[in-house]
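Raw contents of query_17.txt, compact mmCIF, C-alpha atoms:
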```txt
# COMPACT_ATOMS: atom_id res chain seq x y z
CA MET A 990 0.00 0.00 0.00
CA LYS A 991 1.24 3.46 -0.84
CA VAL A 992 0.48 6.05 1.80
CA GLU A 993 0.96 9.70 0.95
CA VAL A 994 2.54 11.73 3.72
CA VAL A 995 1.53 15.35 3.49
CA ARG A 996 4.01 17.73 5.11
CA THR A 997 1.85 20.62 6.26
CA PRO A 998 3.32 22.44 9.28
CA ARG A 999 0.31 24.77 9.48
CA LYS A 1000 -2.14 21.87 9.61
CA TRP A 1001 0.04 20.08 12.17
CA SER A 1002 0.10 23.18 14.35
CA CYS A 1003 -3.67 23.55 14.05
CA LEU A 1004 -4.15 19.92 15.07
CA VAL A 1005 -1.86 20.19 18.09
CA ILE A 1006 -3.52 23.42 19.24
CA ASN A 1007 -6.93 21.79 18.85
CA VAL A 1008 -5.88 18.81 21.00
CA HIS A 1009 -4.56 21.15 23.70
CA ILE A 1010 -7.77 23.21 23.67
CA ASN A 1011 -9.85 20.06 24.03
CA MET A 1012 -7.73 18.79 26.92
CA PHE A 1013 -8.17 22.19 28.58
CA LEU A 1014 -11.95 21.95 28.15
CA TYR A 1015 -12.01 18.35 29.36
CA ALA A 1016 -10.03 19.19 32.49
CA THR A 1017 -12.17 22.25 33.17
CA CYS A 1018 -15.38 20.23 32.95
CA TRP A 1019 -13.95 17.37 35.01
CA ALA A 1020 -12.77 19.79 37.72
CA ILE A 1021 -16.23 21.38 37.83
CA GLN A 1022 -17.69 17.91 38.41
CA THR A 1023 -15.05 17.02 41.01
CA ASN A 1024 -15.87 20.11 43.01
CA THR A 1025 -19.62 19.58 42.62
CA LEU A 1026 -20.08 15.85 43.21
CA PRO A 1027 -19.37 15.74 47.00
CA TYR A 1028 -21.96 18.43 47.72
CA LEU A 1029 -24.52 16.99 45.30
CA SER A 1030 -24.13 13.50 46.77
CA LYS A 1031 -24.42 14.89 50.31
CA ASN A 1032 -27.64 16.69 49.40
CA LEU A 1033 -29.00 13.37 48.12
CA GLY A 1034 -28.18 11.62 51.41
CA ALA A 1035 -24.78 10.01 50.75
CA ASP A 1036 -22.23 9.67 53.56
CA PRO A 1037 -18.44 9.38 52.94
CA LEU A 1038 -18.66 5.59 52.56
CA ILE A 1039 -21.44 5.77 49.96
CA PHE A 1040 -19.51 8.53 48.20
CA GLY A 1041 -16.59 6.11 48.02
CA TYR A 1042 -18.85 3.47 46.46
CA LEU A 1043 -19.94 6.05 43.89
CA GLN A 1044 -16.34 6.81 42.96
CA SER A 1045 -15.60 3.09 42.74
CA THR A 1046 -18.55 2.57 40.39
CA CYS A 1047 -17.06 5.16 38.05
CA GLY A 1048 -13.68 3.45 38.37
CA VAL A 1049 -15.11 0.05 37.41
CA ALA A 1050 -16.70 1.53 34.29
CA GLN A 1051 -13.46 3.28 33.30
CA LEU A 1052 -11.40 0.14 33.94
CA PHE A 1053 -13.30 -1.99 31.43
CA GLY A 1054 -13.68 0.86 28.97
CA GLY A 1055 -10.03 1.87 29.21
CA ILE A 1056 -8.79 -1.61 28.29
CA LEU A 1057 -10.57 -1.45 24.94
CA PHE A 1058 -10.67 2.30 24.22
CA GLY A 1059 -7.03 2.54 23.13
CA ARG A 1060 -7.49 -0.47 20.86
CA PHE A 1061 -10.62 1.21 19.48
CA GLY A 1062 -8.52 4.24 18.55
CA ASP A 1063 -5.90 2.09 16.82
CA VAL A 1064 -8.58 0.39 14.71
CA PHE A 1065 -11.04 3.22 13.94
CA GLY A 1066 -8.84 6.32 14.16
CA SER A 1067 -8.35 9.22 16.56
CA ARG A 1068 -11.27 11.37 15.42
CA VAL A 1069 -13.88 8.67 16.04
CA ALA A 1070 -12.30 7.74 19.37
CA LEU A 1071 -12.14 11.32 20.66
CA THR A 1072 -15.67 12.10 19.47
CA LEU A 1073 -17.00 9.05 21.31
CA ALA A 1074 -15.10 10.02 24.47
CA PHE A 1075 -16.44 13.58 24.57
CA LEU A 1076 -20.00 12.44 23.79
CA ALA A 1077 -19.75 10.07 26.76
CA ALA A 1078 -18.49 12.93 28.94
CA ALA A 1079 -21.41 15.14 27.91
CA MET A 1080 -23.88 12.37 28.71
CA TYR A 1081 -22.22 11.75 32.10
CA TYR A 1082 -22.46 15.39 33.15
CA PHE A 1083 -26.04 15.69 31.87
CA MET A 1084 -27.18 12.62 33.81
CA LEU A 1085 -25.35 13.93 36.88
CA GLY A 1086 -27.19 17.23 36.70
CA ALA A 1087 -30.52 15.49 36.18
CA ALA A 1088 -30.07 13.09 39.12
CA TYR A 1089 -32.57 13.54 41.95
CA SER A 1090 -31.86 10.33 43.91
CA LEU A 1091 -28.93 8.13 44.85
CA PRO A 1092 -29.83 5.38 42.32
CA MET A 1093 -29.83 7.98 39.54
CA LEU A 1094 -26.53 9.34 40.83
CA PHE A 1095 -24.98 5.88 40.53
CA THR A 1096 -26.53 5.38 37.09
CA SER A 1097 -24.89 8.59 35.87
CA SER A 1098 -21.50 6.87 36.21
CA LEU A 1099 -22.23 4.43 33.36
CA PRO A 1100 -21.15 6.77 30.49
CA SER A 1101 -17.68 6.97 32.08
CA LEU A 1102 -17.16 3.55 30.46
CA LEU A 1103 -16.23 5.48 27.29
CA MET A 1104 -15.05 8.76 28.82
CA HIS A 1105 -11.32 8.50 28.01
CA CYS A 1106 -10.65 11.93 26.53
CA MET A 1107 -7.11 12.23 27.91
CA THR A 1108 -6.18 8.86 26.43
CA GLY A 1109 -7.45 10.06 23.05
CA GLY A 1110 -5.38 13.24 23.30
CA GLN A 1111 -2.29 11.24 24.24
CA MET A 1112 -2.87 8.97 21.24
CA VAL A 1113 -2.74 11.96 18.86
CA ILE A 1114 0.36 13.51 20.48
CA THR A 1115 2.13 10.13 20.54
CA ASP A 1116 1.39 9.67 16.83
CA LEU A 1117 2.89 13.07 16.01
CA THR A 1118 6.13 12.95 18.02
CA ASP A 1119 9.32 10.92 17.95
CA SER A 1120 10.62 9.03 20.98
CA GLU A 1121 13.17 11.71 21.94
CA ARG A 1122 10.58 14.47 22.35
CA ARG A 1123 7.61 12.38 23.43
CA ALA A 1124 7.94 12.86 27.20
CA ASP A 1125 8.17 16.63 26.81
CA ALA A 1126 5.22 16.70 24.36
CA LEU A 1127 3.06 14.59 26.68
CA GLY A 1128 4.08 16.85 29.55
CA LYS A 1129 2.94 19.90 27.59
CA LEU A 1130 -0.41 18.16 27.04
CA TRP A 1131 -0.72 17.79 30.81
CA LEU A 1132 0.09 21.50 31.04
CA SER A 1133 -3.11 22.28 29.13
CA TYR A 1134 -4.96 19.78 31.29
CA GLY A 1135 -3.55 21.45 34.38
CA MET A 1136 -4.71 24.89 33.23
CA GLY A 1137 -8.22 23.51 32.98
CA SER A 1138 -7.88 21.93 36.41
CA VAL A 1139 -6.96 25.36 37.81
CA ILE A 1140 -9.91 27.19 36.28
CA GLY A 1141 -12.49 24.42 36.69
CA PRO A 1142 -12.74 24.49 40.51
CA PHE A 1143 -13.22 28.27 40.47
CA ILE A 1144 -16.05 27.94 37.94
CA GLY A 1145 -17.55 25.03 39.85
CA GLY A 1146 -17.35 26.85 43.18
CA PHE A 1147 -18.86 30.03 41.70
CA VAL A 1148 -21.75 28.23 40.02
CA ASN A 1149 -22.40 26.11 43.13
CA LYS A 1150 -22.48 29.21 45.33
CA HIS A 1151 -24.66 31.42 43.14
CA TYR A 1152 -26.82 28.82 41.35
CA SER A 1153 -26.81 25.08 42.18
CA GLU A 1154 -24.82 21.84 41.91
CA GLN A 1155 -27.07 20.71 39.06
CA THR A 1156 -26.35 23.88 37.08
CA ALA A 1157 -22.61 23.26 37.45
CA ALA A 1158 -23.05 19.78 35.96
CA PHE A 1159 -24.95 21.21 32.98
CA VAL A 1160 -22.15 23.76 32.42
CA ALA A 1161 -19.69 20.87 32.24
CA CYS A 1162 -22.01 19.13 29.76
CA ALA A 1163 -22.00 22.20 27.50
CA GLY A 1164 -18.18 22.29 27.53
CA SER A 1165 -18.02 18.66 26.44
CA VAL A 1166 -20.45 19.27 23.57
CA LEU A 1167 -18.16 22.08 22.38
CA SER A 1168 -15.25 19.63 22.37
CA VAL A 1169 -17.24 17.21 20.18
CA VAL A 1170 -17.64 19.97 17.58
CA LEU A 1171 -13.94 20.91 17.70
CA VAL A 1172 -12.80 17.29 17.33
CA TRP A 1173 -15.06 16.57 14.38
CA CYS A 1174 -14.02 19.76 12.57
CA PHE A 1175 -10.26 19.70 13.10
CA VAL A 1176 -8.97 16.20 13.92
CA PRO A 1177 -8.27 14.01 10.85
CA HIS A 1178 -9.57 10.45 10.65
CA ASN A 1179 -6.11 8.94 11.11
CA THR A 1180 -3.10 10.53 12.82
CA LYS A 1181 -0.73 7.60 12.55
CA LYS A 1182 2.52 8.77 10.94
CA LEU A 1183 5.63 7.53 9.28
CA ALA A 1184 8.79 7.94 11.38
CA PRO A 1185 10.11 11.50 10.97
CA THR A 1186 13.29 11.74 8.99
CA SER A 1187 14.76 14.48 11.16
CA ALA A 1188 14.29 15.97 14.60
CA ASP A 1189 12.54 19.03 13.13
CA GLU A 1190 10.18 17.19 10.77
CA LEU A 1191 6.68 16.14 11.81
CA ASP A 1192 4.27 14.42 9.43
CA ILE A 1193 0.55 13.81 9.38
CA VAL A 1194 -0.65 10.83 7.40
CA GLU A 1195 -3.53 11.91 5.17
CA LEU A 1196 -5.48 8.87 3.91
CA SER A 1197 -7.90 8.85 1.01
CA ASP A 1198 -10.96 6.59 1.16
CA GLN A 1199 -9.11 4.02 -0.92
CA ASP A 1200 -6.11 4.18 1.41
CA LYS A 1201 -8.34 3.72 4.46
CA GLU A 1202 -9.60 0.45 3.03
CA ALA A 1203 -6.01 -0.59 2.35
CA VAL A 1204 -5.03 0.14 5.92
CA LYS A 1205 -7.59 -2.38 7.13
CA GLU A 1206 -5.83 -5.01 5.01
CA SER A 1207 -2.30 -4.05 6.09
CA PRO A 1208 -0.25 -6.50 8.22
CA GLU A 1209 -0.69 -4.33 11.33
CA ASN A 1210 -4.50 -4.29 11.11
CA LYS A 1211 -5.42 -7.40 9.15
CA GLY A 1212 -7.81 -9.51 11.16
CA SER A 1213 -7.60 -7.19 14.13
CA SER A 1214 -10.56 -6.00 16.17
CA VAL A 1215 -11.31 -3.87 19.19
CA CYS A 1216 -11.79 -7.01 21.30
CA ASP A 1217 -8.48 -8.63 20.31
CA ILE A 1218 -7.63 -9.60 23.89
CA LYS A 1219 -4.74 -11.83 22.82
CA LYS A 1220 -2.98 -8.86 21.27
CA LEU A 1221 -3.43 -6.85 24.45
CA PHE A 1222 -1.89 -9.65 26.48
CA ARG A 1223 1.02 -9.87 24.03
CA LEU A 1224 1.79 -6.22 24.71
CA LEU A 1225 2.22 -7.06 28.39
CA THR A 1226 4.96 -9.56 27.52
CA ILE A 1227 7.12 -6.87 25.91
CA PRO A 1228 10.10 -6.09 28.19
CA ASP A 1229 9.56 -3.16 30.59
CA VAL A 1230 5.84 -2.74 29.77
CA GLY A 1231 4.66 -4.89 32.68
CA PHE A 1232 7.25 -3.33 34.98
CA PHE A 1233 6.16 0.25 34.27
CA LEU A 1234 2.48 -0.68 34.59
CA ALA A 1235 3.15 -2.26 37.99
CA VAL A 1236 5.08 0.79 39.20
CA LYS A 1237 2.27 3.05 38.02
CA ALA A 1238 -0.36 0.91 39.75
CA LEU A 1239 1.44 0.72 43.09
CA SER A 1240 2.28 4.42 43.15
CA GLY A 1241 -1.19 5.45 42.05
CA MET A 1242 -3.15 3.62 44.73
CA PRO A 1243 -2.30 5.73 47.82
CA TYR A 1244 -2.36 8.97 45.84
CA ALA A 1245 -5.75 8.05 44.38
CA VAL A 1246 -7.04 7.51 47.93
CA PHE A 1247 -5.86 10.98 48.92
CA GLN A 1248 -7.04 12.69 45.74
CA SER A 1249 -10.48 11.07 45.52
CA MET A 1250 -11.35 11.68 49.17
CA PHE A 1251 -9.77 15.11 49.68
CA PRO A 1252 -12.95 17.05 48.74
CA VAL A 1253 -14.80 15.02 51.37
CA VAL A 1254 -11.97 15.55 53.89
CA ALA A 1255 -12.05 19.29 53.26
CA MET A 1256 -15.81 19.34 53.77
CA THR A 1257 -16.15 16.99 56.77
CA VAL A 1258 -12.81 17.23 58.63
CA PHE A 1259 -11.76 20.84 57.96
CA ASN A 1260 -15.30 22.26 57.40
CA LEU A 1261 -14.37 24.12 54.22
CA PRO A 1262 -17.13 25.54 51.96
CA ALA A 1263 -17.25 24.72 48.26
CA ASP A 1264 -15.42 27.86 47.10
CA LYS A 1265 -12.43 27.39 49.46
CA ASN A 1266 -12.30 23.72 48.60
CA GLY A 1267 -12.02 24.84 44.98
CA TYR A 1268 -9.06 27.07 45.84
CA ILE A 1269 -7.13 24.12 47.28
CA LEU A 1270 -7.91 21.94 44.27
CA SER A 1271 -6.69 24.76 42.04
CA TYR A 1272 -3.45 25.00 44.04
CA GLN A 1273 -2.79 21.31 43.51
CA ALA A 1274 -3.63 21.66 39.82
CA VAL A 1275 -1.12 24.51 39.43
CA LEU A 1276 1.62 22.35 40.91
CA THR A 1277 0.76 19.49 38.56
CA MET A 1278 0.59 21.84 35.58
CA LEU A 1279 3.99 23.41 36.21
CA SER A 1280 5.64 20.07 36.99
CA GLN A 1281 4.38 18.29 33.89
CA GLY A 1282 4.55 21.25 31.55
CA PHE A 1283 8.03 22.48 32.42
CA GLY A 1284 9.63 20.12 34.95
CA VAL A 1285 9.40 16.88 32.96
CA GLY A 1286 11.38 18.12 29.96
CA PHE A 1287 14.05 19.60 32.25
CA LEU A 1288 14.44 16.47 34.39
CA THR A 1289 14.32 13.85 31.63
CA SER A 1290 17.06 15.66 29.71
CA ARG A 1291 19.41 15.52 32.71
CA PHE A 1292 18.58 12.33 34.61
CA SER A 1293 17.86 8.74 33.65
CA ASP A 1294 14.38 7.32 34.06
CA GLY A 1295 15.64 4.92 36.72
CA ALA A 1296 17.09 7.74 38.80
CA LEU A 1297 13.86 9.74 38.52
CA LEU A 1298 11.78 6.75 39.60
CA LYS A 1299 13.94 6.15 42.68
CA PHE A 1300 13.86 9.82 43.64
CA CYS A 1301 10.07 10.02 43.23
CA PHE A 1302 9.42 7.12 45.57
CA VAL A 1303 11.78 8.44 48.22
CA ILE A 1304 9.81 11.71 48.09
CA PHE A 1305 6.52 9.79 48.27
CA THR A 1306 7.59 7.89 51.38
CA LEU A 1307 8.60 11.02 53.28
CA SER A 1308 5.58 13.07 52.14
CA TYR A 1309 3.05 10.45 53.19
CA LEU A 1310 4.72 10.04 56.56
CA LEU A 1311 4.49 13.79 57.21
CA MET A 1312 0.88 13.83 56.00
CA ALA A 1313 -0.05 11.36 58.73
CA LEU A 1314 1.32 13.75 61.37
CA VAL A 1315 -0.21 17.09 60.33
CA LYS A 1316 -3.63 18.24 61.55
CA ASP A 1317 -4.15 21.57 59.76
CA VAL A 1318 -5.39 22.01 56.18
CA ILE A 1319 -2.63 24.51 55.37
CA LEU A 1320 0.04 22.03 56.51
CA VAL A 1321 -1.65 19.33 54.44
CA CYS A 1322 -1.26 21.55 51.38
CA VAL A 1323 2.41 22.15 52.20
CA VAL A 1324 3.14 18.45 52.71
CA SER A 1325 1.26 17.47 49.55
CA THR A 1326 3.40 19.81 47.43
CA PRO A 1327 6.37 17.44 46.85
CA LEU A 1328 3.92 14.55 46.59
CA THR A 1329 1.99 16.24 43.78
CA ILE A 1330 5.17 17.16 41.92
CA GLY A 1331 6.53 13.63 42.19
CA VAL A 1332 3.32 12.05 40.90
CA ALA A 1333 3.24 14.49 37.97
CA VAL A 1334 6.77 13.52 36.90
CA LEU A 1335 6.14 9.81 37.44
CA VAL A 1336 2.97 9.69 35.32
CA VAL A 1337 4.55 11.33 32.28
CA THR A 1338 7.81 9.36 32.53
CA THR A 1339 6.16 5.93 32.75
CA THR A 1340 3.66 6.71 29.98
CA SER A 1341 6.37 7.94 27.62
CA GLU A 1342 8.62 4.95 28.28
CA MET A 1343 5.84 2.45 27.56
CA THR A 1344 5.05 4.03 24.17
CA LYS A 1345 8.73 3.82 23.18
CA VAL A 1346 9.07 0.04 23.53
CA ILE A 1347 6.01 -1.04 21.51
CA PRO A 1348 5.16 -0.86 17.77
CA GLU A 1349 3.71 2.47 16.64
CA ALA A 1350 0.55 0.73 15.43
CA ASP A 1351 -0.24 -0.25 19.04
CA THR A 1352 0.43 3.01 20.91
CA GLY A 1353 -3.27 3.56 21.48
CA SER A 1354 -3.62 0.09 22.99
CA ILE A 1355 -0.84 0.61 25.53
CA LEU A 1356 -2.21 4.04 26.45
CA GLY A 1357 -5.57 2.38 27.03
CA LEU A 1358 -3.97 -0.24 29.28
CA SER A 1359 -2.19 2.53 31.16
CA MET A 1360 -5.52 4.28 31.71
CA ALA A 1361 -7.04 0.98 32.85
CA VAL A 1362 -4.36 0.75 35.53
CA ASP A 1363 -5.34 4.22 36.72
CA SER A 1364 -8.97 3.16 36.73
CA LEU A 1365 -8.14 0.08 38.80
CA GLY A 1366 -6.85 2.41 41.46
CA GLY A 1367 -10.01 4.44 41.01
CA ILE A 1368 -12.09 1.37 41.80
CA ILE A 1369 -10.38 0.48 45.05
CA SER A 1370 -9.19 3.83 46.37
CA PRO A 1371 -12.52 5.66 46.91
CA THR A 1372 -14.03 2.74 48.82
CA LEU A 1373 -10.82 2.22 50.76
CA GLY A 1374 -10.56 5.96 51.41
CA GLY A 1375 -14.16 6.20 52.58
CA PHE A 1376 -13.65 3.23 54.91
CA LEU A 1377 -10.41 4.62 56.35
CA LEU A 1378 -11.88 8.09 56.82
CA LYS A 1379 -15.00 6.78 58.54
CA THR A 1380 -13.36 4.16 60.79
CA VAL A 1381 -9.82 5.47 61.44
CA GLY A 1382 -9.43 9.09 60.36
CA PHE A 1383 -7.59 11.25 57.85
CA TYR A 1384 -4.13 10.36 59.18
CA ALA A 1385 -4.61 6.77 57.93
CA PHE A 1386 -4.17 8.09 54.37
CA GLY A 1387 -0.61 9.09 55.20
CA TYR A 1388 0.39 5.82 56.85
CA GLN A 1389 -0.95 3.57 54.08
CA GLY A 1390 0.78 5.74 51.46
CA CYS A 1391 4.07 5.68 53.38
CA ILE A 1392 4.09 1.88 53.70
CA CYS A 1393 3.17 1.29 50.04
CA SER A 1394 5.74 3.79 48.73
CA LEU A 1395 8.48 2.38 50.96
CA LEU A 1396 7.91 -1.13 49.63
CA VAL A 1397 8.02 0.06 46.01
CA ALA A 1398 11.16 2.13 46.70
CA ILE A 1399 12.94 -0.94 48.09
CA ALA A 1400 11.92 -2.97 45.03
CA LEU A 1401 13.14 -0.22 42.68
CA PHE A 1402 16.54 0.09 44.34
CA TRP A 1403 16.90 -3.69 44.16
CA LYS A 1404 15.88 -3.99 40.48
CA LEU A 1405 17.71 -0.87 39.26
CA LYS A 1406 20.94 -1.52 41.09
CA ASP A 1407 23.05 -0.15 38.27
```

Let me see whether you can do it: turn the structure in this file into structure tokens.
Amino acid sequence: MKVEVVRTPRKWSCLVINVHINMFLYATCWAIQTNTLPYLSKNLGADPLIFGYLQSTCGVAQLFGGILFGRFGDVFGSRVALTLAFLAAAMYYFMLGAAYSLPMLFTSSLPSLLMHCMTGGQMVITDLTDSERRADALGKLWLSYGMGSVIGPFIGGFVNKHYSEQTAAFVACAGSVLSVVLVWCFVPHNTKKLAPTSADELDIVELSDQDKEAVKESPENKGSSVCDIKKLFRLLTIPDVGFFLAVKALSGMPYAVFQSMFPVVAMTVFNLPADKNGYILSYQAVLTMLSQGFGVGFLTSRFSDGALLKFCFVIFTLSYLLMALVKDVILVCVVSTPLTIGVAVLVVTTTSEMTKVIPEADTGSILGLSMAVDSLGGIISPTLGGFLLKTVGFYAFGYQGCICSLLVAIALFWKLKD
């Protein structure tokens, strides 16, 4: 098959900008929902434990959807995958705003099965960058996501205060509908590329209708399907893929407990109103944004991935230990600062490394598996967090994170001796 590669820097720039705008909108809408959901669930009669079950329900849906979403993007193309993801997001926020009972609140989590907008954005950026610049490019994508995470809580807090929690959910729905329009207008059907011939050359593969049919018959896609589970398992046998997924899973669990339950902690333990809770979430988002947008490129150009991993887990161990000892919300924010920075660096580094060791035709699949690992933590952590908060107290978050991070740090120093 002959595939024509069209070298159009202006179109490439337009595509990249469009992806960044959509990730900004997605993060903004998600942050509005994050700031709204605890208060909406409380008004409907949910306690912290039930809120944890609600978060876990969303995590289960995203786990199963994430496994197949990346494969869906590899088979059907980035535009279809991103459109489906943003339509699912719009439906999720609409159902959340329309919920008037706890059963309806739980039902609203079902569209999150397909709500993998960040994975879709990572698929496009991965397709358009070479391995040397991929970590920095993915970090810049998280920069746009972080900007949305900064603005979203302010919008959510303002709308909650002056209107209602339901109105905030409908605002998030409108933002997702806008993203659907932007994706369909500006993202090409297929963003898979040929390897760039130089460090300054980026290509977009433009496929005619005839070429699209030929792609389906190519060796990479012949006989493949979204539910090709055997192919997904084969990816796990590639050296380093399983290792990085395990590191990501073990590091993500305690942080997911802290992150998913912090709005509840702020509301029930520290008695913060919605607007001040939004300020703290914005502070954490700024740290993540700066770390992933500027820190990742700086660190990866000067230190090896092994050294960064070791350093991150040493920071995690100390931060969680201090978190268990503090009893003031301001001190919690101070202690969580190095923790947030370390997680930001770790997420981008592990994601970039996994996409480097697999065939380019399967980058979407590995990104989907990576998202599934995050969702697995999302299943367990809210329920675990709700249980710990209700039966032990907030300080339990710090101790469980310290123990988990210490064990992973020991394993890393043993495996990466050199």

By how many Å are atom CA of Gly1137 of chain A and atom CA of Gly1109 of chain A apart? 16.7 Å

Would you mind reading off the distance between atom CA of Leu1033 of chain A and atom CA of Tyr1244 of chain A, one decimal, in Å? 27.1 Å

Which neighbours of Gly1231 of chain A fall inside 12 Å, counting only C-alpha atoms, when residues of the same chain fewer than 3 positions from it are skipped, and could you give them as a compact mmCIF listing (two decimals) with C-alpha atoms, in the coordinates of the input?
```txt
# COMPACT_ATOMS: atom_id res chain seq x y z
CA LEU A 1221 -3.43 -6.85 24.45
CA PHE A 1222 -1.89 -9.65 26.48
CA ARG A 1223 1.02 -9.87 24.03
CA LEU A 1224 1.79 -6.22 24.71
CA LEU A 1225 2.22 -7.06 28.39
CA THR A 1226 4.96 -9.56 27.52
CA ILE A 1227 7.12 -6.87 25.91
CA PRO A 1228 10.10 -6.09 28.19
CA LEU A 1234 2.48 -0.68 34.59
CA ALA A 1235 3.15 -2.26 37.99
CA VAL A 1236 5.08 0.79 39.20
CA LYS A 1237 2.27 3.05 38.02
CA ALA A 1238 -0.36 0.91 39.75
CA THR A 1339 6.16 5.93 32.75
CA THR A 1340 3.66 6.71 29.98
CA GLU A 1342 8.62 4.95 28.28
CA MET A 1343 5.84 2.45 27.56
CA VAL A 1346 9.07 0.04 23.53
CA ILE A 1347 6.01 -1.04 21.51
CA ILE A 1355 -0.84 0.61 25.53
CA LEU A 1358 -3.97 -0.24 29.28
CA SER A 1359 -2.19 2.53 31.16
CA VAL A 1362 -4.36 0.75 35.53
```

To one decimal in Å, tell me the separation between atom CA of Val1318 of chain A and atom CA of Leu1396 of chain A. 27.5 Å

Protein/DNA/RNA residues near (-25.1, 17.2, 45.8), cut 10 Å, all atoms listed in the file, as a PyMOL selection string: chain A and resi 1025-1035+1085-1086+1088-1091+1094+1149+1153-1155

With distances taken over only C-alpha atoms, which residue among A:Val1170, A:Ile1021, A:Val1246, A:Ala1074 lies nearest Gly1267 of chain A? A:Ile1021

Spatial neighbours of Phe1143 of chain A, 8 Å, only C-alpha atoms, chain gap at least 2 places, as a PyMOL selection string: chain A and resi 1021+1139-1141+1145-1147+1264+1267-1268+1271

Identify which of the residues A:Ile1114, A:Ser1101, A:Val1230, A:Phe1402 lies closest to Val1176 of chain A, counting only C-alpha atoms when measuring atom-to-atom distances.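 Of A:Ile1114, A:Ser1101, A:Val1230, A:Phe1402, the one nearest Val1176 of chain A, counting only C-alpha atoms, is A:Ile1114.
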